[in-house]
Every structure is written in structure tokens, then in C-alpha cells.
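Asks: Below you will find the structure I want to go over with you.
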Amino acid sequence: MSGVIRLQTEIPGPKSRALLARRNKAVPRGVPAVTPIAVVHAEGAVLTDADDNRLIDFGGGIGVVNTGHRHPRVVQAVREQLDQFAHVCFPVSTYEPYVELAERLNRVTPGSHEKRTFFVNSGSEAVENAVKVARFFTGRQGVVCFEHGFHGRTNLAMALTAKVMPYKKGFGPFAPEVYRIPFPYCYRCGEAGRVPSGPGTREAGGVSGEAGSCCMASRERLEQIFAGTVDPDSVAAIIMELELGEGGFVPAPREYVDELAKFARDHGILFIADEIQTGFGRTGKLFASEHYGLVPDIIITAKSLAGGLPLAAVTGRADVLDAPHVGGLGGTYGGNPLACAAALAVLDAMEEERIPARAQRTGDRIKARFREWADEYPCIGDVRGLGAMVAMELVTDRQTRTPDKAVTARILAGALARGLVLLSAGTYGNVIRVLAPLTADESLIDEGLTVFGAALEAAAGRAPALA
Ligand SMILES: Cc1ncc(COP(=O)(O)O)c(C=O)c1O
């Protein structure tokens with residue numbers, strides 16, 4: 001079969017191995033090397049490594065290149081901006097790409113109310129700033145977050161993140177006034193017996209599933225949870241990933257989000273939607289909030305916002321965002337002109353190339369294949385996700401649902417050896433997620449899935465593993 005994968009050496013090849021050896025002497029081991037390849041070029045959904053191997057990228061730089069590597073519009077916009085200037089510092093001098101991008105995000109994010117946007121450099125920084133603004137506006141200190149949630153690696157973002165290893169172990173003390181409540185993870189819910197389970201029997205996560213299937217989606221249950229956690233009237237904000245990202249691609253059921261949003265409103269709590277991984281077309285809509293009819297008070301974005309350049313945004317109600325005093329918000333690099341120009345090109349591509357709709361089609365294709373595999377391989381316990389934010393959860397046994405981290409690792413290694421970059425996720429490291437560029441055409445997705453299928457077959461013991 002002729003495809004885009006072209007392997008000239010084993011993976012990693014000698015040049016990748018040599019750079020990794022230098023890396024290990026120059027860079028602390030705490031910064032992980034999820035794959036051992038050294039990349040010299042990336043285009044669309046294809047990576048070329050230092051040994052001239054061509055691989056398919058189903059990781060997309062962890063959800064950063066929804067528009068593909070080096071989207072021509074992004075490359076051109078950055079070049080043109082670089083010919084003008086690269087930095088003047090927005091708090092010092094105003095420039096149009098920043099203002100225009102703020103205007104566009106105010107327009108395209110959910111809700112037609114008046115909004116404001118400001119920019120920072122990373123997802124973690126957006127999280128910190130959203131909470132800072134929410135605390136200022138409400139005069140309250142508490143922040144409610146979720147089990148299995150991931151919000152970043154700075155001190156407050158780390159406190160809001162659930163998973164201990166590797167994100168929190170040994171890194172305390174953590175920021176105070178953070179309260180964690182259960183995420184409606186139907187597949188692993190304590191009352192899982194109440195929902196039909198197993199691949200193919202439902203849309204896991206339930207956005208398009210049966211009404212009433214989520215045992216946590218009631219006012220009474222929310223009140224019980226808060227009664228043992230924190231006084232809701234002292235809470236500034238609830239921060240939520242509508243579909244968990246690092247936590248394993250678990251979409252919250254719609255009825256749960258409806259109840260939670262109502263609960264928040266009744267208690268004067270701001271709803272912060274962390275759309276850093278769900279954003280920019282990934283779920284089949286520009287923002288996951290649109291699947292829920294949710295209008296968050298604050299929505300934070302990063303990753304695919306600028307097609308590969310570092311940029312993050314805090315967008316929200318004008319009265320909330322305008323509350324802090326002059327000088328209370330900002331930063332040296334936030335809203336860098338090159339990144340803003342790139343983000344404007346990303347938004348153009350999203351609209352003109354109808355990328356969210358493409359994501360839905362690609363996601364349906366991937367999910368259909370995952371479901372076929374689930375009928376064949378008992379190690380696949382669940383298949384789920386909105387749009388192209390798709391994952392499978394691997395278990396040793398469908399009855400006990402014991403996470404199978406080992407088979408997950410074998411599939412990832414087998415895929416890489418065959419030329420496909422795949423990423424894991426999940427609190428127990430037993431989820432394989434797909435973050436392929438949304439611009440990838442069907443034949444490339446199919447080629448990637450064929451490799452995935454071969455790795456799965458080998459990892460499940462049905463075919464010989466590659467040496
Ligand atoms: C949902 C979510 N929030 C926040 C972050 C932190 O973003 P960054 O790594 O840019 O600080 C991430 C990163 O993976 C994320 O997925």
C-alpha cells in the first residue's frame with residue numbers, strides 16, 4: 001500500500017537516538033520525552049524525523065495543531081507580522097492584531113452578551129488569570145474543580161489538577177481554597193450499575209446518550225456533595241473541562257452540566273469553562289460549550305488557538321473582566337503579535353475551511369473503527385468522545401474494569417514502531433486518545449487507523465509484535 005508513512009530506519013533511528021543522548025545530558029529528566037524521535041520537519045499531519053523517517057501524527061503536539069502543522073495561512077500571517085515587528089509589549093503600546101483577535105474571540109465564543117478578552121502565554125497562565133479575575137469580581141476565595149481534571153503545572157493550576165503522579169508529587173505546598181468534587185465519569189462512576197455500559201451500547205459520557213442516565217445530575221446530589229465540601233456561597237468559581245483532556249477524554253453528560261450551571265448561577269458562582277484542549281473545532285463545534293448550550297461566564301483557550309505559537313486567552317463577561325483595576329492584569333509577552341497574527345489565521349481557517357464540521361466527520365470515522373475493534377478485543381472497555389476528541393479506555397477485564405496500563409503502553413510502542421505517533425491519557429494511564437490534526441484527509445486518517453489496528457492486534461496477542 002502506498003501511503004505517507006516511510007520508514008528508513010528502526011524507530012528511533014541513530015540520529016534521533018544521538019539527539020536524545022545529548023538531551024539527556026542537557027535537559028532535566030523531569031521534562032518527559034513521550035516519544036524518542038527527533039523531529040526536523042512537520043507538515044499537515046506528517047512528521048519527518050532526523051533519520052528521514054516519515055510518521056503520521058495522531059498527537060498534534062497535544063492538541064495544538066488542529067489546523068495541521070504549518071498551515072499555509074498561519075505561516076503567511078506570521079511571516080507578514082514578522083516583517084512589521086515581533087514585540088512591543090501590549091501594556092506599553094497598542095497594536096491591531098491583539099485588538100482584532102480580542103474582538104473575534106468575543107464574537108465567536110458562546111453568548112451574545114458584551115465580552116472582553118486578554119491574552120497570556122500558556123494554558124496554565126490562563127487558568128491562573130481566570131481564577132484571579134473571578135475572585136476579584138465575586139470577592140470570594142473558593143474555587144471548585146474536579147476529580148480527574150487537569151489545568152496545568154503552575155502553582156494554582158497544579159492545585160486544581162487532580163492527578164498526583166507525575167504532576168503534583170513532591171511539589172507542594174499547593175494553593176489554598178481549592179475544593180475538588182467528583183467528575184461525572186459514567187464508566188467509572190460508583191453507581192455504574194445504573195447506566196448501561198460497554199462499547200456500542202451507548203454514547204459514553206451521554207451528551208447524545210439517554211436522558212437521566214447520570215446519577216450525579218440532580219440538584220439534591222449537588223447539594224449533598226457541596227454540603228461535605230465547601231459552602232457554595234464562599235465559592236468564586238467552578239472550573240471545568242466539559243470533556244476531560246489529560247483525565248481521559250470523558251465528556252460530561254449534558255444533564256449534569258445543566259444542573260451544575262443552574263446551581264452555580266443560583267449561588268453567584270462563576271462558571272469557568274477550561275476549553276484549552278476541547279477548543280477550536282476539536283469536538284465538532286468551535287467550542288465544547290456549544291454541545292451543552294452552555295454560556296460560560298469565563299472561557300479560557302490556548303493550544304490550537306494560535307496553530308503552534310504560544311498563546312492563551314481569557315474571554316468573559318465584560319462586567320467580570322473589567323472588574324480588576326488598571327495594571328492588575330497583563331504581562332510582558334501576553335498577546336505577542338506573531339501569535340495573535342497566527343490566531344487570526346487559525347480563526348479564518350476554522351470558518352472558511354469548515355474545520356469543526358470536518359472534525360465531526362473524522363471523529364465519526366475513527367469512532368466507528370474503534371467500535372468495530374471493541375467487538376473483537378475485550379481489552380477495549382469503553383469508546384467515547386465528542387467529535388474528533390475520541391478515545392478508547394483499556395481494561396484487563398470488562399466486568400471489573402481494571403485499568404490496563406501495560407496493554408496501553410504496548411499499543412503506543414507498537415504504533416510508533418510502525419510509524420504512528422499516539423498519545424495516552426487518563427488518571428490510570430489506560431486511555432488512548434486521538435488528537436490528529438483536523439485538516440487531515442480521510443486517506444491519511446485511514447492509514448493511521450490501519451497502523452493503530454496492527455499495533456492493537458499485536459498488543460492484544462493476536463499478531464507477532466515487531467522486534
Ligand atoms: C484542559 C487543560 N487546561 C490547562 C492546560 C495547561 O496548559 P499549558 O500546558 O499550556 O500550561 C492543559 C494542557 O494540557 C489542558 O489540557
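Here's how to read the names in the C-alpha cells: chain A, B, ... by the order shown, residue numbers from 1 in each chain, ligand numbers from 1 in the order shown.
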Neighbours of ligand 1 at 9 Å or closer, counting only C-alpha atoms and all ligand atoms: which residues, as a PyMOL selection string?

Replies: chain A and resi 62-63+121-127+149-154+157+161+240-241+243-247+274-278+300-303+310-312

Asks: Applying 8 Å and only C-alpha atoms, which residues near stretch 14-24 of chain A remain after dropping the ones on its own chain fewer than 5 positions away? List them as JSON, numbers by chain.

Replies: {"A": [29, 36, 37, 38, 49, 50, 51]}

Asks: Which residue is closest to A:Asp233? Choose from A:Ala175, A:Val143, A:Met389, A:Cys379 and count only C-alpha atoms.

Replies: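 Ranked by minimum distance to A:Asp233, first place goes to A:Val143.
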
Asks: Between A:Val133, A:Leu416, A:Leu435, A:Ala26, which one has atoms that come closest to A:Leu329, using only C-alpha atoms?

Replies: A:Val133

Asks: Of the residues A:Asn129, A:Ser2, A:Thr109, A:Asn155, which is the one nearest to A:Gly279, using only C-alpha atoms?

Replies: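 Among the listed residues, A:Thr109 lies closest to A:Gly279.
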
Asks: In Å, rounded to a single decimal, give me how far atom CA of A:Gly448 is from atom CA of A:Asp57.

Replies: 8.3 Å
